[in-house]
Structure formats: structure tokens, C-alpha cells
$ cat work-v1.tsv   # TSV, C-alpha atoms and all ligand atoms
chain	number	residue	atom	x	y	z
A	104	MET	CA	9.27	17.37	-27.17
A	105	GLN	CA	9.02	14.98	-24.21
A	106	THR	CA	6.00	12.73	-23.77
A	107	TYR	CA	4.50	11.88	-20.37
A	108	LEU	CA	1.97	9.18	-19.63
A	109	VAL	CA	0.05	10.46	-16.59
A	110	THR	CA	-2.46	8.19	-14.85
A	111	GLY	CA	-5.24	9.70	-12.75
A	112	GLY	CA	-4.77	13.04	-14.49
A	113	ALA	CA	-8.44	13.98	-14.08
A	114	GLY	CA	-8.24	13.81	-10.28
A	115	PHE	CA	-7.36	16.54	-7.81
A	116	ILE	CA	-3.54	16.36	-7.85
A	117	GLY	CA	-3.17	14.70	-11.27
A	118	SER	CA	-5.16	17.45	-13.02
A	119	CYS	CA	-3.00	20.09	-11.33
A	120	PHE	CA	0.10	18.26	-12.57
A	121	VAL	CA	-1.27	18.08	-16.13
A	122	ARG	CA	-2.22	21.79	-16.11
A	123	MET	CA	1.25	22.62	-14.80
A	124	LEU	CA	3.02	20.44	-17.38
A	125	LEU	CA	1.09	21.89	-20.30
A	126	SER	CA	1.48	25.49	-19.15
A	127	GLN	CA	5.16	25.37	-18.12
A	128	HIS	CA	6.82	22.72	-20.28
A	129	ASP	CA	6.96	21.78	-23.94
A	130	VAL	CA	5.56	18.28	-23.41
A	131	PHE	CA	2.89	16.00	-24.84
A	132	VAL	CA	0.67	14.44	-22.18
A	133	VAL	CA	-1.26	11.20	-22.54
A	134	ASN	CA	-3.75	11.32	-19.68
A	135	LEU	CA	-5.16	7.91	-18.70
A	136	ASP	CA	-8.02	8.06	-16.21
A	137	ARG	CA	-10.94	5.79	-15.47
A	138	LEU	CA	-13.11	8.77	-14.47
A	139	THR	CA	-14.44	7.38	-11.23
A	140	TYR	CA	-16.59	9.71	-9.10
A	141	ALA	CA	-13.31	11.56	-8.27
A	142	GLY	CA	-12.20	12.11	-11.87
A	143	ASN	CA	-13.39	15.27	-13.54
A	144	LEU	CA	-12.40	16.50	-16.99
A	145	ASP	CA	-13.73	19.98	-16.11
A	146	SER	CA	-10.68	20.30	-13.85
A	147	LEU	CA	-8.42	20.43	-16.89
A	148	GLY	CA	-10.06	23.64	-18.14
A	149	PRO	CA	-8.87	24.74	-21.58
A	150	PHE	CA	-5.98	22.24	-21.45
A	151	LEU	CA	-8.45	19.41	-22.08
A	152	ASP	CA	-8.56	20.42	-25.74
A	153	SER	CA	-4.86	21.28	-26.12
A	154	GLU	CA	-3.21	19.62	-29.10
A	155	ARG	CA	-0.46	18.55	-26.64
A	156	HIS	CA	-2.99	16.63	-24.52
A	157	GLU	CA	-4.66	13.32	-25.29
A	158	PHE	CA	-7.25	12.03	-22.87
A	159	VAL	CA	-7.85	8.27	-22.74
A	160	ARG	CA	-10.65	6.91	-20.59
A	161	GLY	CA	-9.23	3.67	-19.25
A	162	ASP	CA	-8.06	1.69	-16.28
A	163	ILE	CA	-4.56	1.14	-14.88
A	164	ARG	CA	-5.60	-2.49	-14.35
A	165	ASP	CA	-5.94	-2.92	-18.12
A	166	ALA	CA	-2.45	-4.16	-19.03
A	167	GLU	CA	-3.31	-4.52	-22.72
A	168	LEU	CA	-4.42	-0.90	-22.99
A	169	ILE	CA	-1.35	0.34	-21.14
A	170	THR	CA	0.99	-1.67	-23.36
A	171	ALA	CA	-0.71	-0.28	-26.46
A	172	LEU	CA	-0.36	3.30	-25.15
A	173	LEU	CA	3.30	2.75	-24.28
A	174	GLU	CA	4.05	1.35	-27.72
A	175	GLU	CA	2.17	4.09	-29.52
A	176	HIS	CA	3.59	7.04	-27.54
A	177	GLN	CA	6.99	5.79	-26.28
A	178	PRO	CA	6.76	8.11	-23.22
A	179	ASP	CA	9.83	9.55	-21.52
A	180	ALA	CA	8.09	9.26	-18.15
A	181	VAL	CA	5.09	7.55	-16.56
A	182	VAL	CA	3.63	9.32	-13.51
A	183	ASN	CA	1.12	7.31	-11.49
A	184	PHE	CA	-1.52	9.32	-9.63
A	185	ALA	CA	-4.42	6.93	-10.28
A	186	ALA	CA	-5.81	5.61	-7.02
A	187	GLU	CA	-8.78	5.34	-4.75
A	188	SER	CA	-7.82	8.08	-2.32
A	189	HIS	CA	-10.45	8.62	0.38
A	190	VAL	CA	-9.77	7.01	3.77
A	191	ASP	CA	-13.45	6.90	4.85
A	192	ARG	CA	-14.41	5.09	1.64
A	193	SER	CA	-11.61	2.58	2.26
A	194	ILE	CA	-13.14	1.77	5.66
A	195	ASP	CA	-16.57	1.18	4.10
A	196	GLY	CA	-15.29	-0.77	1.08
A	197	PRO	CA	-11.62	-1.80	1.13
A	198	ALA	CA	-11.83	-4.18	-1.86
A	199	GLU	CA	-11.80	-1.40	-4.45
A	200	PHE	CA	-8.67	0.00	-2.80
A	201	VAL	CA	-6.86	-3.31	-3.09
A	202	SER	CA	-8.00	-3.66	-6.67
A	203	THR	CA	-6.99	-0.21	-7.95
A	204	ASN	CA	-4.14	0.73	-5.64
A	205	VAL	CA	-2.40	-2.63	-5.32
A	206	VAL	CA	-3.40	-4.67	-8.38
A	207	GLY	CA	-3.65	-1.59	-10.59
A	208	THR	CA	-0.19	-0.32	-9.66
A	209	PHE	CA	1.18	-3.82	-10.22
A	210	GLN	CA	-0.46	-4.10	-13.67
A	211	LEU	CA	0.83	-0.69	-14.65
A	212	LEU	CA	4.35	-1.43	-13.41
A	213	ASP	CA	4.47	-4.76	-15.12
A	214	ALA	CA	3.28	-3.37	-18.46
A	215	VAL	CA	5.88	-0.60	-18.15
A	216	ARG	CA	8.60	-3.13	-17.34
A	217	GLY	CA	7.73	-5.26	-20.39
A	218	HIS	CA	7.81	-2.23	-22.67
A	219	TRP	CA	10.93	-0.68	-21.12
A	220	ALA	CA	12.93	-3.91	-21.41
A	221	LYS	CA	12.39	-3.89	-25.19
A	222	ARG	CA	13.66	-0.34	-25.67
A	223	SER	CA	17.10	0.56	-26.96
A	224	PRO	CA	19.63	1.46	-24.22
A	225	GLN	CA	19.52	5.12	-25.36
A	226	SER	CA	15.79	5.44	-24.69
A	227	ARG	CA	15.83	3.07	-21.70
A	228	ASP	CA	18.30	5.10	-19.61
A	229	PRO	CA	16.50	8.45	-19.34
A	230	PHE	CA	13.07	6.82	-18.80
A	231	ARG	CA	11.45	7.31	-15.37
A	232	PHE	CA	8.45	5.76	-13.59
A	233	LEU	CA	7.28	8.00	-10.75
A	234	HIS	CA	4.82	6.63	-8.21
A	235	VAL	CA	2.87	9.20	-6.21
A	236	SER	CA	2.24	8.05	-2.65
A	237	THR	CA	1.33	9.30	0.78
A	238	ASP	CA	2.83	9.83	4.24
A	239	GLU	CA	-0.03	7.71	5.62
A	240	VAL	CA	2.03	4.56	4.85
A	241	TYR	CA	4.19	5.40	7.89
A	242	GLY	CA	1.30	5.20	10.35
A	243	SER	CA	0.90	7.55	13.29
A	244	LEU	CA	3.33	9.72	15.26
A	245	GLY	CA	3.10	10.74	18.90
A	246	ASP	CA	3.44	14.37	19.95
A	247	THR	CA	6.96	14.70	18.58
A	248	GLY	CA	9.13	13.48	15.67
A	249	GLN	CA	8.75	13.45	11.90
A	250	PHE	CA	8.60	10.77	9.22
A	251	THR	CA	11.78	10.33	7.21
A	252	GLU	CA	12.35	8.16	4.16
A	253	SER	CA	13.66	5.41	6.47
A	254	SER	CA	10.69	5.42	8.87
A	255	PRO	CA	9.19	1.92	9.07
A	256	TYR	CA	5.94	1.30	7.23
A	257	ALA	CA	3.01	0.94	9.65
A	258	PRO	CA	-0.23	1.68	7.76
A	259	ASN	CA	-3.40	1.81	9.86
A	260	SER	CA	-6.26	2.29	7.37
A	261	PRO	CA	-7.13	0.11	4.36
A	262	TYR	CA	-6.25	3.12	2.16
A	263	ALA	CA	-2.81	3.45	3.75
A	264	ALA	CA	-2.25	-0.32	3.59
A	265	SER	CA	-3.10	-0.39	-0.12
A	266	LYS	CA	-0.72	2.50	-0.85
A	267	ALA	CA	1.99	0.82	1.26
A	268	ALA	CA	1.61	-2.38	-0.77
A	269	SER	CA	1.86	-0.41	-4.01
A	270	ASP	CA	5.03	1.33	-2.77
A	271	HIS	CA	6.58	-2.08	-2.04
A	272	PHE	CA	5.86	-3.30	-5.58
A	273	VAL	CA	7.46	-0.16	-7.00
A	274	ARG	CA	10.53	-0.71	-4.86
A	275	ALA	CA	10.72	-4.39	-5.84
A	276	TYR	CA	10.64	-3.51	-9.56
A	277	TYR	CA	13.76	-1.41	-9.08
A	278	HIS	CA	15.65	-4.02	-7.10
A	279	THR	CA	14.52	-6.99	-9.16
A	280	TYR	CA	14.33	-5.64	-12.70
A	281	GLY	CA	16.28	-2.38	-12.54
A	282	LEU	CA	13.24	-0.36	-13.66
A	283	PRO	CA	14.15	3.32	-13.01
A	284	VAL	CA	11.44	4.10	-10.47
A	285	LEU	CA	11.01	7.00	-8.08
A	286	THR	CA	8.54	7.14	-5.18
A	287	THR	CA	7.26	10.27	-3.48
A	288	ASN	CA	5.43	10.20	-0.14
A	289	CYS	CA	3.57	13.42	0.46
A	290	SER	CA	1.53	14.92	3.27
A	291	ASN	CA	-2.10	16.16	2.94
A	292	ASN	CA	-2.73	18.34	-0.10
A	293	TYR	CA	-5.22	21.18	-0.39
A	294	GLY	CA	-6.17	23.59	-3.14
A	295	PRO	CA	-8.67	24.13	-5.97
A	296	TYR	CA	-10.50	21.25	-7.72
A	297	GLN	CA	-10.48	18.83	-4.76
A	298	PHE	CA	-13.57	16.65	-4.63
A	299	PRO	CA	-15.81	18.04	-1.87
A	300	GLU	CA	-15.71	14.93	0.31
A	301	LYS	CA	-12.25	15.82	1.69
A	302	LEU	CA	-11.87	17.92	4.85
A	303	ILE	CA	-11.04	21.36	3.47
A	304	PRO	CA	-13.53	21.68	0.55
A	305	LEU	CA	-16.27	19.99	2.59
A	306	MET	CA	-15.86	22.47	5.44
A	307	ILE	CA	-15.74	25.47	3.10
A	308	LEU	CA	-18.95	24.47	1.34
A	309	ASN	CA	-20.81	23.47	4.49
A	310	ALA	CA	-19.76	26.71	6.24
A	311	LYS	CA	-21.07	28.70	3.29
A	312	GLU	CA	-24.36	26.78	3.18
A	313	GLY	CA	-25.03	26.75	6.93
A	314	LYS	CA	-24.67	22.97	7.24
A	315	PRO	CA	-23.02	21.18	10.19
A	316	LEU	CA	-19.21	20.96	10.11
A	317	PRO	CA	-18.47	17.39	11.27
A	318	VAL	CA	-15.13	17.11	13.09
A	319	TYR	CA	-13.88	13.66	14.14
A	320	GLY	CA	-13.32	13.04	17.87
A	321	SER	CA	-12.11	16.19	19.59
A	322	GLY	CA	-10.44	17.54	16.44
A	323	GLN	CA	-6.95	17.11	17.86
A	324	ASN	CA	-5.56	14.91	15.07
A	325	VAL	CA	-2.65	16.69	13.41
A	326	ARG	CA	-1.91	16.76	9.68
A	327	ASP	CA	0.81	18.51	7.72
A	328	TRP	CA	-0.65	20.52	4.82
A	329	LEU	CA	0.88	21.29	1.43
A	330	PHE	CA	-0.57	23.39	-1.37
A	331	VAL	CA	-1.26	21.13	-4.36
A	332	GLU	CA	0.85	23.19	-6.80
A	333	ASP	CA	3.86	22.87	-4.50
A	334	HIS	CA	3.35	19.10	-4.49
A	335	CYS	CA	3.25	19.05	-8.29
A	336	GLN	CA	6.44	21.14	-8.53
A	337	ALA	CA	8.10	18.66	-6.15
A	338	ILE	CA	7.07	15.76	-8.39
A	339	GLN	CA	8.54	17.53	-11.42
A	340	THR	CA	11.75	18.18	-9.46
A	341	VAL	CA	12.03	14.49	-8.53
A	342	LEU	CA	11.45	13.50	-12.16
A	343	ASP	CA	14.12	15.91	-13.36
A	344	ARG	CA	16.78	15.37	-10.72
A	345	GLY	CA	15.86	12.41	-8.49
A	346	THR	CA	17.96	9.26	-8.36
A	347	PRO	CA	16.22	6.08	-9.59
A	348	GLY	CA	15.35	3.69	-6.79
A	349	GLU	CA	15.12	6.53	-4.25
A	350	VAL	CA	12.17	7.67	-2.14
A	351	TYR	CA	11.50	11.36	-1.47
A	352	ASN	CA	9.26	12.66	1.31
A	353	ILE	CA	7.36	15.85	0.48
A	354	GLY	CA	5.75	18.08	3.08
A	355	GLY	CA	4.69	21.62	3.79
A	356	ASN	CA	6.01	22.07	7.33
A	357	ALA	CA	2.52	23.26	8.20
A	358	GLU	CA	1.19	21.09	11.00
A	359	ARG	CA	-2.30	21.93	12.20
A	360	THR	CA	-4.92	20.11	14.25
A	361	ASN	CA	-8.09	19.39	12.28
A	362	LEU	CA	-9.95	21.74	14.62
A	363	GLN	CA	-7.50	24.57	13.88
A	364	VAL	CA	-8.00	24.03	10.15
A	365	VAL	CA	-11.79	24.06	10.47
A	366	GLU	CA	-11.82	27.14	12.71
A	367	THR	CA	-9.55	29.00	10.30
A	368	ILE	CA	-11.85	28.11	7.40
A	369	CYS	CA	-14.85	29.35	9.41
A	370	ASP	CA	-13.13	32.67	10.04
A	371	ILE	CA	-12.16	33.15	6.38
A	372	VAL	CA	-15.66	32.21	5.15
A	373	GLY	CA	-17.19	34.57	7.74
A	374	ARG	CA	-14.94	37.41	6.58
A	375	LEU	CA	-15.49	36.81	2.86
A	376	CYS	CA	-19.27	36.32	3.24
A	377	PRO	CA	-20.22	39.08	5.71
A	378	ASP	CA	-23.96	38.65	5.02
A	379	LEU	CA	-24.19	35.15	6.49
A	380	PRO	CA	-26.81	35.25	9.28
A	381	TYR	CA	-24.68	32.99	11.54
A	382	ASN	CA	-21.13	32.56	12.79
A	383	PRO	CA	-19.69	29.57	10.86
A	384	ARG	CA	-17.84	28.43	14.01
A	385	ASP	CA	-21.25	27.67	15.57
A	386	LEU	CA	-21.73	24.95	12.93
A	387	ILE	CA	-18.80	22.85	14.23
A	388	THR	CA	-20.16	19.48	15.38
A	389	PHE	CA	-17.94	16.85	16.98
A	390	VAL	CA	-18.76	13.36	15.67
A	391	GLN	CA	-17.62	9.85	16.62
A	392	ASP	CA	-13.97	9.37	15.73
A	393	ARG	CA	-12.93	7.46	12.60
A	394	PRO	CA	-11.76	3.91	13.49
A	395	GLY	CA	-7.96	3.58	13.29
A	396	HIS	CA	-7.65	7.39	13.09
A	397	ASP	CA	-3.93	8.27	13.08
A	398	LEU	CA	-3.13	10.92	15.68
A	399	ARG	CA	-0.40	12.84	13.94
A	400	TYR	CA	1.51	12.97	10.66
A	401	ALA	CA	4.57	15.16	10.15
A	402	ILE	CA	7.06	15.03	7.33
A	403	ASP	CA	10.78	15.68	7.33
A	404	ALA	CA	11.28	16.96	3.77
A	405	GLY	CA	15.01	17.58	4.32
A	406	LYS	CA	16.12	15.10	1.65
A	407	ILE	CA	14.25	16.66	-1.28
A	408	ARG	CA	15.17	20.13	-0.01
A	409	GLN	CA	18.88	19.47	0.41
A	410	GLU	CA	19.52	17.04	-2.47
A	411	LEU	CA	17.15	18.44	-5.11
A	412	GLY	CA	16.65	22.04	-4.01
A	413	TRP	CA	12.83	21.94	-3.75
A	414	GLN	CA	10.87	23.90	-1.18
A	415	PRO	CA	7.23	24.93	-0.87
A	416	THR	CA	6.34	28.43	-2.05
A	417	GLN	CA	2.86	28.84	-0.55
A	418	ASP	CA	2.44	29.33	3.20
A	419	PHE	CA	-0.62	27.69	4.74
A	420	ALA	CA	-2.43	30.92	5.71
A	421	SER	CA	-2.40	32.43	2.22
A	422	GLY	CA	-2.83	29.06	0.47
A	423	LEU	CA	-5.94	28.35	2.55
A	424	GLU	CA	-7.36	31.82	1.96
A	425	ASN	CA	-6.84	31.41	-1.82
A	426	THR	CA	-8.46	27.99	-1.67
A	427	VAL	CA	-11.53	29.31	0.16
A	428	ARG	CA	-11.84	32.13	-2.39
A	429	TRP	CA	-11.57	29.61	-5.23
A	430	TYR	CA	-14.43	27.47	-3.86
A	431	LEU	CA	-16.61	30.52	-3.25
A	432	GLU	CA	-15.98	31.80	-6.78
A	433	ASN	CA	-16.32	28.46	-8.61
A	434	CYS	CA	-19.81	27.45	-7.55
A	435	GLU	CA	-20.49	26.01	-10.99
A	436	TRP	CA	-17.59	23.51	-10.79
A	437	VAL	CA	-18.77	22.54	-7.31
A	438	ASP	CA	-22.40	22.26	-8.35
A	439	ARG	CA	-21.59	20.12	-11.38
A	440	VAL	CA	-19.61	17.55	-9.33
A	441	THR	CA	-21.88	17.46	-6.30
A	442	SER	CA	-25.18	17.30	-8.22
A	443	GLY	CA	-24.05	14.56	-10.63
A	444	LYS	CA	-24.66	16.95	-13.57
A	445	TYR	CA	-21.04	16.52	-14.61
A	446	GLN	CA	-21.31	12.71	-14.77
A	447	ARG	CA	-24.55	12.91	-16.78
A	448	GLU	CA	-23.31	15.45	-19.32
A	449	ARG	CA	-19.74	14.26	-19.81
A	450	LEU	CA	-20.19	10.54	-19.34
A	451	GLY	CA	-23.87	9.91	-20.00
A	452	THR	CA	-24.27	8.15	-16.64
A	453	THR	CA	-26.13	8.81	-13.42
A	454	GLY	CA	-23.14	7.67	-11.31
B	1	LIG	P1	-8.33	11.75	-6.51
B	1	LIG	O1	-9.21	10.74	-5.86
B	1	LIG	O2	-8.78	13.16	-6.57
B	1	LIG	O3	-8.02	11.30	-8.01
B	1	LIG	C1	-7.75	9.96	-8.37
B	1	LIG	C2	-7.91	9.85	-9.87
B	1	LIG	O4	-7.59	8.50	-10.25
B	1	LIG	C3	-9.34	10.13	-10.36
B	1	LIG	O5	-9.29	10.98	-11.48
B	1	LIG	C4	-9.87	8.74	-10.73
B	1	LIG	O6	-10.83	8.78	-11.77
B	1	LIG	C5	-8.60	8.03	-11.15
B	1	LIG	N1	-8.68	6.56	-11.02
B	1	LIG	C6	-9.16	5.87	-9.96
B	1	LIG	N2	-9.08	4.55	-10.19
B	1	LIG	C7	-8.51	4.42	-11.43
B	1	LIG	C8	-8.13	3.30	-12.22
B	1	LIG	N3	-8.35	2.04	-11.80
B	1	LIG	N4	-7.56	3.52	-13.43
B	1	LIG	C9	-7.36	4.79	-13.88
B	1	LIG	N5	-7.72	5.89	-13.18
B	1	LIG	C10	-8.27	5.70	-11.95
B	1	LIG	O7	-6.93	11.61	-5.76
B	1	LIG	P2	-5.82	12.71	-5.48
B	1	LIG	O8	-6.10	13.35	-4.19
B	1	LIG	O9	-5.63	13.51	-6.70
B	1	LIG	O10	-4.54	11.77	-5.26
B	1	LIG	C11	-3.71	11.39	-6.35
B	1	LIG	C12	-2.61	10.49	-5.83
B	1	LIG	O11	-1.85	11.18	-4.83
B	1	LIG	C13	-3.12	9.22	-5.17
B	1	LIG	O12	-2.27	8.15	-5.53
B	1	LIG	C14	-3.01	9.51	-3.67
B	1	LIG	O13	-2.78	8.33	-2.96
B	1	LIG	C15	-1.81	10.41	-3.64
B	1	LIG	N6	-1.76	11.37	-2.54
B	1	LIG	C16	-2.83	12.17	-2.27
B	1	LIG	C17	-2.74	13.10	-1.24
B	1	LIG	C18	-3.89	14.04	-0.93
B	1	LIG	O14	-3.83	14.76	0.06
B	1	LIG	N7	-4.93	14.10	-1.75
B	1	LIG	C19	-1.56	13.21	-0.49
B	1	LIG	C20	-0.48	12.37	-0.80
B	1	LIG	C21	-0.59	11.47	-1.83
$ encode --input "work-v1.tsv" --output "C-alpha cells"
Amino acid sequence: MQTYLVTGGAGFIGSCFVRMLLSQHDVFVVNLDRLTYAGNLDSLGPFLDSERHEFVRGDIRDAELITALLEEHQPDAVVNFAAESHVDRSIDGPAEFVSTNVVGTFQLLDAVRGHWAKRSPQSRDPFRFLHVSTDEVYGSLGDTGQFTESSPYAPNSPYAASKAASDHFVRAYYHTYGLPVLTTNCSNNYGPYQFPEKLIPLMILNAKEGKPLPVYGSGQNVRDWLFVEDHCQAIQTVLDRGTPGEVYNIGGNAERTNLQVVETICDIVGRLCPDLPYNPRDLITFVQDRPGHDLRYAIDAGKIRQELGWQPTQDFASGLENTVRWYLENCEWVDRVTSGKYQRERLGTTG
């Protein structure tokens, strides 16, 4: 049985990856997560108590803890999801993003390098370190073109800059030490269990509750959207068949303006909740644009498609409809994270 050390496995994408691993593969998962406001053990459902899952509350900046976990479990792969991930928070408080995303990734990489170097050649060769990153490192596109793996880095937000720095460290550990790393840069994810500060869950919940739907600027910023399970399958594909030292872009080929996304959500919510006494579209409120707001992201995912045979399975229309249904049907999950009940019960804090 293979063993994976997954960091950030209580977050939106990490928890999806852990659920997928435990349901589809005969693996043991050590799940290291600090449980910030974005980490939620409820998202693991019944897998939390699986005998093939061990949850460790801890920090990727804690090199001693990571070394101890590596020595105890001798993982076949380390997959790094742990990060501060919300652009607006990075504008208000960039220091935490430097600390977790840059220093944390460095501490994790360095502990992995130290452990890996001591392994026998037989267990060193198949080992993989996969770093999960974002298309935001490439900056902004004009009306045309797509990011490829050789697009220059040009991050514009503190979040993107911190992820870019972490990507550079990952690259350097391959070229300097030969650590078998892989980096994936993915477009915007959506799906169940996303913390309701991000665009799609926020709009679904506000539309349902009759609250304003704040849209930055004129809503013309374009993002490419990928269903979270497709992202996780892509990560597994890169782990299985990717070449160490390589970067793989992952995208859904589903470009939409933010306004199109919000209007579509309004229409789905209106259809699924016919008793609402208002048209959700009337709640759309244009607010002052985010500073440094990138105009357009678009991903050329040709490399992972052609070399590794991955492609998305969920089209945006049905993926979004399923996501809206999930949020409408899982009010308890939503209530527990938004009210702070989850933090109090699970963690004994008011945070
Ligand atoms: P998230 O914010 O939902 O989850 C992050 C997780 O990391 C949380 O569980 C949190 O508790 C944990 N964490 C934070 N700091 C930590 C630390 N110092 N030590 C250990 N754990 C820590 O984020 P997400 O949306 O699931 O994103 C996961 C990864 O994917 C991130 O690296 C992000 O940059 C990347 N990514 C996200 C998207 C997206 O659309 N959400 C797209 C591309 C790439």
C-alpha cells in the first residue's frame, strides 16, 4: 500500500484530493493541516475516521514535525496544498502569505530533501514531491492568448507573488538537489466544500438569502473555471505519469466573465428556489474594483492532455448546477463554517 503525505488536506481542494485518494486507491494518507479558518475536518466526511487516514494538526513551517512524520511514515509522495489562498486577504495582510506560502513551502521542501537524501536508491527513485500552484503566477492576459508552461512569471497580487516564490523554490530544489518535484499550475476551481468567501459559494449563499451580490468593477474580468474533482484527477495523473522537474498547466477551457458566472448562479438559484420573493439578478451590486485585479486568465492545458492523457470530465454548466445544488442541500456544513460553530466544537476556539 502506498503512503501519501498530504498538506492542507482539510481545505477545499486538499480535502477533495484526500476523499478521492481514499475512495479510489489503496493508499494510506497522512493529512497535515494547521486548520486555519479555511481548514475544515467536516469536509472529509466519513473518511476522517478511516483506518487509512491519519490527521495531524500541524504547520508546514514546522520542520521538526515534518521530519518526524517523514521518518515515521516513509511516504511515497508528498503533495503540498497547504497555503493561504484568498487574494483579498493577501491584499489586507500579505505577511501571512509570505510566511505560509513562501517560508512554509521552503521548510517543507527542505525537510523532504533532508529525508529523501538519506533513503536507499530503491525508495528514493519512485518518490515524488508535488507542489500545487495557480495560474495567477503568470499575471494577466489581454483579450487573447493563453498561459503555457513557458509563460513568464508576472504575479500582480501578494497571493500570486507568494505562490510564484514558492514555485521558484520547488524548481530550484530539482535543479540544485535533484529532488523529484512536480509543479501544477491550475485555473480557478469550484465545487462543494469551498469556504464561502470565494466568488461562487459566496454568490450562491447571498442569492439564496437575499443579500447583495458584490461584483468587482464592471464584472468583465475573465477566469477559466475547473471542477475541483477534475483538478484532483489531474494531480493524480501528474503524480503517476509526470516527469520530475516538469511543470503542468491545468485548466477547464471554460472562460467566463465574473458577471456571466454570477448571472448564471442567479438563474440556477432562481430556478431551484421558485418561492424566493425576488429575482436574484436584482441583487447584483457593482463595487469598487480590487487593486491589481488581473483582467483575464486562460490556460493552455495541451501539455497535460497530450503527454499524460488527462482531460476534464465536467462541463461548466452542469458542474455549476451541481455545485449550486450542493450548497442549497448542505446548509448545515455552511452554517457550521460561517457561524464559527465548527471552530468551537472541533477546535475549542472562537476563531
Ligand atoms: P484553502 O484555503 O481552502 O485550503 C488551504 C488549507 O491549508 C486549509 O485547510 C488550511 O488550514 C491549510 N493551511 C494553511 N496554512 C497552513 C500551514 N501553515 N500549515 C499547514 N496547513 C496550512 O485552499 P484551496 O483553495 O484548497 O487551495 C489549495 C491549494 O491549491 C493552494 O496551494 C492554492 O494556492 C492552490 N490553488 C487553488 C485554486 C483555487 O481556485 N482554489 C486554484 C489553483 C491553485
$ residues_near_point --input "work-v1.tsv" --point "(-16.9, 23.2, 3.8)" --cutoff "10 Å" --atoms "all atoms listed in the file" --output "list in words"
Pro299, Glu300, Lys301, Leu302, Ile303, Pro304, Leu305, Met306, Ile307, Leu308, Asn309, Ala310, Lys311, Glu312, Gly313, Lys314, Pro315, Leu316, Pro317, Val365, Ile368, Cys369, Val372, Pro383, Val427 and Tyr430 of chain A
$ write_last_selection --input "work-v1.tsv" --atoms "C-alpha atoms" --output "short mmCIF file (atom, residue, chain, number, x, y, z; two decimals), in the frame of the given file"
data_model
loop_
_atom_site.label_atom_id
_atom_site.label_comp_id
_atom_site.auth_asym_id
_atom_site.auth_seq_id
_atom_site.Cartn_x
_atom_site.Cartn_y
_atom_site.Cartn_z
CA PRO A 299 -15.81 18.04 -1.87
CA GLU A 300 -15.71 14.93 0.31
CA LYS A 301 -12.25 15.82 1.69
CA LEU A 302 -11.87 17.92 4.85
CA ILE A 303 -11.04 21.36 3.47
CA PRO A 304 -13.53 21.68 0.55
CA LEU A 305 -16.27 19.99 2.59
CA MET A 306 -15.86 22.47 5.44
CA ILE A 307 -15.74 25.47 3.10
CA LEU A 308 -18.95 24.47 1.34
CA ASN A 309 -20.81 23.47 4.49
CA ALA A 310 -19.76 26.71 6.24
CA LYS A 311 -21.07 28.70 3.29
CA GLU A 312 -24.36 26.78 3.18
CA GLY A 313 -25.03 26.75 6.93
CA LYS A 314 -24.67 22.97 7.24
CA PRO A 315 -23.02 21.18 10.19
CA LEU A 316 -19.21 20.96 10.11
CA PRO A 317 -18.47 17.39 11.27
CA VAL A 365 -11.79 24.06 10.47
CA ILE A 368 -11.85 28.11 7.40
CA CYS A 369 -14.85 29.35 9.41
CA VAL A 372 -15.66 32.21 5.15
CA PRO A 383 -19.69 29.57 10.86
CA VAL A 427 -11.53 29.31 0.16
CA TYR A 430 -14.43 27.47 -3.86
#
$ residues_near_ligand --input "work-v1.tsv" --ligand "ligand LIG 1 (chain B)" --cutoff "6 Å" --atoms "all atoms listed in the file" --output "PyMOL selection string"
chain A and resi 110-117+136-139+141-142+161-164+184-188+203+235-237+289-292
$ atom_distance --input "work-v1.tsv" --atom1 "atom CA of A:Gly248" --atom2 "atom CA of A:Asp403"
8.8 Å
$ atom_distance --input "work-v1.tsv" --atom1 "atom CA of A:His234" --atom2 "atom CA of A:Val181"
8.4 Å
$ residues_near_point --input "work-v1.tsv" --point "(7.6, 1.8, 11.6)" --cutoff "12 Å" --atoms "all atoms listed in the file" --output "MDAnalysis selection string"
chainID A and resid 238:244 249:259 267
$ residues_around --input "work-v1.tsv" --residues "A:Cys335" --least-positions-apart "2" --cutoff "10 Å" --atoms "all atoms listed in the file" --output "VMD selection string"
chain A and resid 116 to 124 330 to 333 337 to 341
$ atom_distance --input "work-v1.tsv" --atom1 "atom CA of A:Asp213" --atom2 "atom CA of A:Arg192"
27.1 Å
$ residues_around --input "work-v1.tsv" --residues "A:Phe419" --least-positions-apart "3" --cutoff "8 Å" --atoms "all atoms listed in the file" --output "PyMOL selection string"
chain A and resi 328-330+357+422-423
$ write_last_selection --input "work-v1.tsv" --atoms "C-alpha atoms" --output "compact mmCIF listing (two decimals), keeping the file's coordinate frame"
# COMPACT_ATOMS: atom_id res chain seq x y z
CA TRP A 328 -0.65 20.52 4.82
CA LEU A 329 0.88 21.29 1.43
CA PHE A 330 -0.57 23.39 -1.37
CA ALA A 357 2.52 23.26 8.20
CA GLY A 422 -2.83 29.06 0.47
CA LEU A 423 -5.94 28.35 2.55
$ closest_atom_pairs --input "work-v1.tsv" --of "stretch 126-183 of chain A" --to "stretch 431-451 of chain A" --cutoff "8 Å" --atoms "all atoms listed in the file" --output "JSON lines"
{"residue": "A:Tyr140", "atom": "CA", "partner": "A:Gln446", "partner_atom": "CA", "distance": 8.0}
{"residue": "A:Asn143", "atom": "CA", "partner": "A:Tyr445", "partner_atom": "CA", "distance": 7.8}
{"residue": "A:Asp145", "atom": "CA", "partner": "A:Trp436", "partner_atom": "CA", "distance": 7.5}
$ closest_residue --input "work-v1.tsv" --among "A:Thr367, A:Ser226, A:Thr388, A:Thr208" --to "A:Tyr276" --atoms "all atoms listed in the file"
A:Thr208
$ closest_residue --input "work-v1.tsv" --among "A:Ala198, A:Ile353, A:Leu362, A:Leu144" --to "A:Arg408" --atoms "all atoms listed in the file"
A:Ile353
$ closest_residue --input "work-v1.tsv" --among "A:Arg393, A:Arg222, A:His278, A:His334" --to "A:Gln177" --atoms "all atoms listed in the file"
A:Arg222
$ residues_around --input "work-v1.tsv" --residues "A:Gly281" --least-positions-apart "3" --cutoff "10 Å" --atoms "all atoms listed in the file" --output "compact mmCIF listing (two decimals) with C-alpha atoms, in the frame of the given file"
# COMPACT_ATOMS: atom_id res chain seq x y z
CA ARG A 216 8.60 -3.13 -17.34
CA ALA A 220 12.93 -3.91 -21.41
CA ARG A 274 10.53 -0.71 -4.86
CA ALA A 275 10.72 -4.39 -5.84
CA TYR A 276 10.64 -3.51 -9.56
CA TYR A 277 13.76 -1.41 -9.08
CA HIS A 278 15.65 -4.02 -7.10
CA VAL A 284 11.44 4.10 -10.47
CA PRO A 347 16.22 6.08 -9.59
CA GLY A 348 15.35 3.69 -6.79
$ closest_residue --input "work-v1.tsv" --among "A:Leu211, A:Gly355, A:Asp397, A:Asp392" --to "A:Ser260" --atoms "all atoms listed in the file"
A:Asp397
$ closest_residue --input "work-v1.tsv" --among "A:Leu172, A:Leu398, A:Val325, A:Ala180" --to "A:Asp228" --atoms "all atoms listed in the file"
A:Ala180
$ residues_around --input "work-v1.tsv" --residues "A:Tyr319" --least-positions-apart "6" --cutoff "6 Å" --atoms "only C-alpha atoms" --output "VMD selection string"
chain A and resid 389 to 392
